[in-house]
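K.L.:
Dropping in final_15.pdb, with PDB, C-alpha atoms.
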ATOM      1  CA  MET N   1       5.549  -3.097 -22.510
ATOM      2  CA  THR N   2       8.299  -0.536 -22.084
ATOM      3  CA  VAL N   3      10.082   0.328 -18.859
ATOM      4  CA  LYS N   4       8.463   3.766 -18.888
ATOM      5  CA  SER N   5       4.928   2.369 -19.093
ATOM      6  CA  THR N   6       5.691  -0.157 -16.342
ATOM      7  CA  SER N   7       6.831   2.732 -14.179
ATOM      8  CA  LEU N   8       3.653   4.650 -15.008
ATOM      9  CA  VAL N   9       1.538   1.663 -13.996
ATOM     10  CA  ALA N  10       3.471   1.307 -10.714
ATOM     11  CA  ASP N  11       3.186   5.037 -10.004
ATOM     12  CA  THR N  12      -0.535   4.993 -10.805
ATOM     13  CA  LEU N  13      -1.028   1.921  -8.633
ATOM     14  CA  ARG N  14       0.783   3.581  -5.731
ATOM     15  CA  THR N  15      -1.147   6.855  -6.110
ATOM     16  CA  LEU N  16      -4.472   5.051  -6.316
ATOM     17  CA  MET N  17      -3.674   2.883  -3.280
ATOM     18  CA  ASP N  18      -2.583   5.941  -1.286
ATOM     19  CA  GLY N  19      -5.860   7.664  -2.115
ATOM     20  CA  ILE N  20      -7.871   4.651  -1.002
ATOM     21  CA  ILE N  21      -5.894   4.223   2.220
ATOM     22  CA  GLN N  22      -6.232   7.931   3.032
ATOM     23  CA  GLY N  23     -10.009   7.754   2.564
ATOM     24  CA  GLU N  24     -10.154   9.895  -0.548
ATOM     25  CA  TYR N  25     -12.952   7.809  -2.086
ATOM     26  CA  THR N  26     -15.637   8.045   0.574
ATOM     27  CA  THR N  27     -18.420   6.468  -1.500
ATOM     28  CA  GLY N  28     -16.718   3.063  -1.447
ATOM     29  CA  PHE N  29     -16.409   3.182  -5.237
ATOM     30  CA  LEU N  30     -13.736   4.577  -7.515
ATOM     31  CA  PRO N  31     -14.713   7.403  -9.849
ATOM     32  CA  PRO N  32     -15.099   6.476 -13.542
ATOM     33  CA  GLN N  33     -11.889   5.501 -15.322
ATOM     34  CA  GLU N  34     -12.018   8.597 -17.529
ATOM     35  CA  VAL N  35     -12.018  10.814 -14.430
ATOM     36  CA  LEU N  36      -9.159   8.939 -12.751
ATOM     37  CA  ALA N  37      -7.048   8.832 -15.928
ATOM     38  CA  LYS N  38      -7.388  12.584 -16.280
ATOM     39  CA  LYS N  39      -6.688  13.150 -12.571
ATOM     40  CA  PHE N  40      -3.486  11.040 -12.687
ATOM     41  CA  ASN N  41      -2.548  12.316 -16.162
ATOM     42  CA  VAL N  42      -2.222   8.791 -17.587
ATOM     43  CA  SER N  43      -3.928   6.854 -20.371
ATOM     44  CA  ARG N  44      -6.896   4.631 -19.596
ATOM     45  CA  THR N  45      -4.705   1.662 -20.590
ATOM     46  CA  VAL N  46      -2.230   2.476 -17.797
ATOM     47  CA  LEU N  47      -5.080   3.050 -15.348
ATOM     48  CA  ARG N  48      -6.772  -0.237 -16.310
ATOM     49  CA  GLU N  49      -3.515  -2.121 -15.688
ATOM     50  CA  ALA N  50      -3.214  -0.583 -12.215
ATOM     51  CA  ILE N  51      -6.866  -1.400 -11.480
ATOM     52  CA  ALA N  52      -6.375  -4.975 -12.743
ATOM     53  CA  MET N  53      -3.422  -5.400 -10.379
ATOM     54  CA  MET N  54      -5.525  -4.156  -7.478
ATOM     55  CA  HIS N  55      -8.383  -6.444  -8.513
ATOM     56  CA  ALA N  56      -5.975  -9.413  -8.519
ATOM     57  CA  ARG N  57      -5.058  -8.506  -4.924
ATOM     58  CA  ASN N  58      -8.755  -8.438  -3.940
ATOM     59  CA  MET N  59      -8.524  -4.701  -3.290
ATOM     60  CA  LEU N  60     -11.208  -3.868  -5.838
ATOM     61  CA  ILE N  61     -14.300  -5.541  -7.246
ATOM     62  CA  ILE N  62     -14.976  -4.583 -10.845
ATOM     63  CA  ARG N  63     -18.683  -4.508 -11.625
ATOM     64  CA  PRO N  64     -19.475  -3.684 -15.249
ATOM     65  CA  LYS N  65     -22.073  -0.909 -15.618
ATOM     66  CA  ILE N  66     -22.077  -0.445 -11.820
ATOM     67  CA  GLY N  67     -18.556   0.672 -10.966
ATOM     68  CA  THR N  68     -15.370  -0.388  -9.263
ATOM     69  CA  LYS N  69     -16.014  -1.127  -5.588
ATOM     70  CA  ILE N  70     -13.284  -0.775  -2.987
ATOM     71  CA  ASN N  71     -12.988  -3.841  -0.762
ATOM     72  CA  PRO N  72     -12.319  -3.398   2.978
ATOM     73  CA  GLN N  73      -8.587  -3.430   3.719
ATOM     74  CA  ASP N  74      -8.811  -6.612   5.803
ATOM     75  CA  GLN N  75      -9.770  -8.495   2.614
ATOM     76  CA  TRP N  76      -6.771  -7.312   0.586
ATOM     77  CA  LEU N  77      -4.204  -9.865  -0.535
ATOM     78  CA  VAL N  78      -1.055  -7.795  -0.354
ATOM     79  CA  LEU N  79       2.330  -9.348  -1.015
ATOM     80  CA  VAL N  80       5.308  -8.010   0.903
ATOM     81  CA  SER N  81       9.020  -8.621   0.589
ATOM     82  CA  GLN N  82      10.982 -10.826   2.990
ATOM     83  CA  GLU N  83      12.725  -7.657   4.197
ATOM     84  CA  VAL N  84       9.378  -6.240   5.321
ATOM     85  CA  VAL N  85       8.408  -9.537   7.003
ATOM     86  CA  ASP N  86      11.741  -9.612   8.872
ATOM     87  CA  ALA N  87      11.340  -5.968   9.888
ATOM     88  CA  ALA N  88       7.837  -6.676  11.186
ATOM     89  CA  LYS N  89       9.137  -9.576  13.286
ATOM     90  CA  GLU N  90      11.890  -7.382  14.703
ATOM     91  CA  ALA N  91       9.399  -4.596  15.446
ATOM     92  CA  LYS N  92       7.222  -7.127  17.268
ATOM     93  CA  GLU N  93      10.185  -8.164  19.421
ATOM     94  CA  VAL N  94      11.000  -4.544  20.292
ATOM     95  CA  LEU N  95       7.378  -3.842  21.199
ATOM     96  CA  GLU N  96       7.167  -6.983  23.322
ATOM     97  CA  MET N  97      10.325  -5.916  25.144
ATOM     98  CA  LEU N  98       8.807  -2.490  25.817
ATOM     99  CA  MET N  99       5.574  -4.058  27.051
ATOM    100  CA  ARG N 100       7.477  -6.254  29.502
ATOM    101  CA  GLY N 101       8.958  -3.145  31.088
ATOM    102  CA  TYR N 102      12.470  -3.338  29.692
ATOM    103  CA  HIS N 103      12.289   0.179  28.333
ATOM    104  CA  SER N 104      14.913   1.373  30.831
ATOM    105  CA  HIS N 105      17.392  -1.033  29.195
ATOM    106  CA  ILE N 106      16.920   0.314  25.684
ATOM    107  CA  MET N 107      19.962   2.169  24.440
ATOM    108  CA  ASP N 108      20.306   4.788  21.712
ATOM    109  CA  LYS N 109      21.481   2.105  19.275
ATOM    110  CA  ASP N 110      18.240   0.205  19.942
ATOM    111  CA  LEU N 111      16.174   3.311  19.262
ATOM    112  CA  TYR N 112      18.140   3.938  16.070
ATOM    113  CA  ARG N 113      17.525   0.348  14.947
ATOM    114  CA  ALA N 114      13.828   0.663  15.803
ATOM    115  CA  GLN N 115      13.663   3.744  13.559
ATOM    116  CA  GLU N 116      15.350   1.781  10.752
ATOM    117  CA  VAL N 117      12.742  -0.969  11.155
ATOM    118  CA  ILE N 118       9.911   1.572  11.035
ATOM    119  CA  ASP N 119      11.429   3.118   7.897
ATOM    120  CA  THR N 120      11.672  -0.325   6.253
ATOM    121  CA  LEU N 121       8.073  -1.135   7.135
ATOM    122  CA  THR N 122       6.852   2.235   5.898
ATOM    123  CA  LYS N 123       8.745   1.823   2.625
ATOM    124  CA  GLY N 124       7.459  -1.733   2.252
ATOM    125  CA  VAL N 125       3.815  -0.770   2.518
ATOM    126  CA  GLY N 126       4.087   2.143   0.150
ATOM    127  CA  GLY N 127       4.345   4.903   2.718
TER     128      GLY N 127
END
Write out the structure in this file as structure tokens.

P.N.:
Amino acid sequence: MTVKSTSLVADTLRTLMDGIIQGEYTTGFLPPQEVLAKKFNVSRTVLREAIAMMHARNMLIIRPKIGTKINPQDQWLVLVSQEVVDAAKEAKEVLEMLMRGYHSHIMDKDLYRAQEVIDTLTKGVGG
């Protein structure tokens, strides 16, 4: 597989996931592969690789002659980087501090760092 096709698969995967997360596929099923391949302007081979990756993460259930069902998000097996895990832990600490009423002690540098954490989390989940 070439670098270009790997990038196409990753881009297709990201676009497909974004559509699912944003509620674009309201029936609970993906459209036929021919329709999606045309929509994303990729080959069916690239699309099938992206779908296979999502299936491996329990995001989709492939049912021959029935369709590709979208699993509820709480059943997805999504891997994240250590950077995202660390950022989530730091975000939790900041939120706990705010909940305990320490918000008057937060300085601009803390707010800036909180924004960095949010940016890292957003990037890590494909946002």

K.L.:
What's around Leu77 of chain N at 12 Å? Count all atoms listed in the file, leave out sequence neighbours fewer than 5 positions away in its own chain, and write the answer as a PyMOL selection string.

P.N.:
chain N and resi 53-60+71-72

K.L.:
Measuring atom to atom with only C-alpha atoms, identify which of N:Ala114, N:Ala50, N:Val35, N:Gly28 is nearest to Arg14 of chain N.

P.N.:
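Closest to Arg14 of chain N, using only C-alpha atoms: N:Ala50.
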
K.L.:
Quick check, in Å to one decimal: how far apart do atom CA of Ala10 of chain N and atom CA of Leu47 of chain N lie?

P.N.:
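Atom-to-atom, atom CA of Ala10 of chain N and atom CA of Leu47 of chain N are spaced 9.9 Å apart.
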
K.L.:
Which residue gives the smallest distance to Phe40 of chain N among N:Glu93, N:Asp108, N:Asp11, N:Glu116, with only C-alpha atoms counted?

P.N.:
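Checking each of N:Glu93, N:Asp108, N:Asp11, N:Glu116 against Phe40 of chain N, counting only C-alpha atoms, the winner is N:Asp11.
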
K.L.:
Compile the contact shell of Thr68 of chain N as a ChimeraX atom specification: residues with an atom at most 6 Å away, counting all atoms listed in the file, same-chain residues fewer than 5 positions apart removed.

P.N.:
/N:29-30,61-63

K.L.:
Evaluate the PyMOL selection byres ((chain N and resi 46) around 12) against this structure - the residues, as a PyMOL selection string, please.

P.N.:
chain N and resi 1-2+4-13+16+33-34+36-38+40-45+47-53

K.L.:
One number please: atom CA of Lys92 of chain N to atom CA of Tyr112 of chain N, in Å, one decimal.

P.N.:
15.6 Å

K.L.:
Do you have the atom CA of Leu95 of chain N-atom CA of Met107 of chain N distance handy?

P.N.:
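Result for atom CA of Leu95 of chain N versus atom CA of Met107 of chain N: 14.3 Å, one decimal.
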
K.L.:
Could the centre and edge lengths of an axis-aligned box, enclosing all atoms of segment 83-99 of chain N in the file with 3 Å extra on each side, be given in Å to one decimal as JSON?

P.N.:
{"center_x": 9.1, "center_y": -6.1, "center_z": 15.6, "size_x": 13.2, "size_y": 13.1, "size_z": 28.9}

K.L.:
Have a look at N:Val78, N:Val94, N:Val85, N:Pro31 and name the one nearest to Ile66 of chain N; count only C-alpha atoms.

P.N.:
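Checking each of N:Val78, N:Val94, N:Val85, N:Pro31 against Ile66 of chain N, counting only C-alpha atoms, the winner is N:Pro31.
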
K.L.:
Taking all atoms listed in the file into account, which of N:Ile118, N:Asp110, N:Glu96, N:Lys69 comes nearest Val84 of chain N?

P.N.:
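The shortest atom-to-atom distance to Val84 of chain N comes from N:Ile118.
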